[in-house]
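The structure appears right after this line, and notes come after that.
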Amino acid sequence: MSNTNMNTPSIYECLLCHQKFSSISLLLRHEKSKHNDNKFIPHRNSLYLPPPELIIQYQNAFIIHIKKRLEHSIGSKSLSIDALPETIFVHLFEYEPTFRYSPAQREYYCEFQGKDGEERLKQILNCEYWNFQQDKTTGYGLNFNWYLF
Ligand SMILES: [Zn+2]
């Protein structure tokens, strides 16, 4: 029988540099200051390569999701995506300049701004007919967050 010692502090390890911390908040602070632009996914190898037909299916679902959320709205939008499987999100966005991953929060982030962002998003989602309202002065932005719980 193992003897559980209640006084042993929980150890939170940074998966990027393997420093250890005694609390999750210290780890989060560390990650924010040292690895804020991190793109490395420690468990990348465990994500299966999605088959093309699955990617297409989710690209279409994603477009509908975005359009719904952007209806009658202008300006910067932040979308939390939980409808996409992790591997699809990573597959679609991991090579984007704004792609980031936080191992401590298990959160992905990707951002598209202005006309260039719109064009790039069209390419990624394989969607030619993309047309939603735009704020003429500030343009618009899209932030995608993908959480894994
Ligand atoms: Zn670290």
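Residue names in the structure tokens use chain letters A, B, ... in the order shown, residue numbers from 1 in each chain, and ligand numbers from 1 in the order shown.
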
- Task: Residues within 6 Å of ligand 1 should be enumerated using only C-alpha atoms and all ligand atoms and returned as a count of residues only.
- Result: 5

- Could you name the residues that touch stretch 49-64 of chain A at 10 Å or less, counting only C-alpha atoms, but leaving out those on the same chain fewer than 2 positions away, as an MDAnalysis selection string? chainID A and resid 45:47 66:70 81 83:85 87:92 121:122 124:127 130

- Message: Report, in Å to a single decimal, how far apart atom CA of A:Arg106 and atom CA of A:Lys39 are.
- Response: 12.3 Å

- Tell me, as a list in words, which residues lie within 8 Å of A:Ile41, counting only C-alpha atoms; anything in the same chain fewer than 2 positions away does not count.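 Counting only C-alpha atoms, the residues come to Lys39, His43, Arg44, Tyr101 and Pro103 of chain A.
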
- Task: Could you please write out, as a PyMOL selection string, every residue of stretch 50-113 of chain A that DSSP assigns to strand (DSSP E or B)?
- Result: chain A and resi 77-81+100-102+107-113
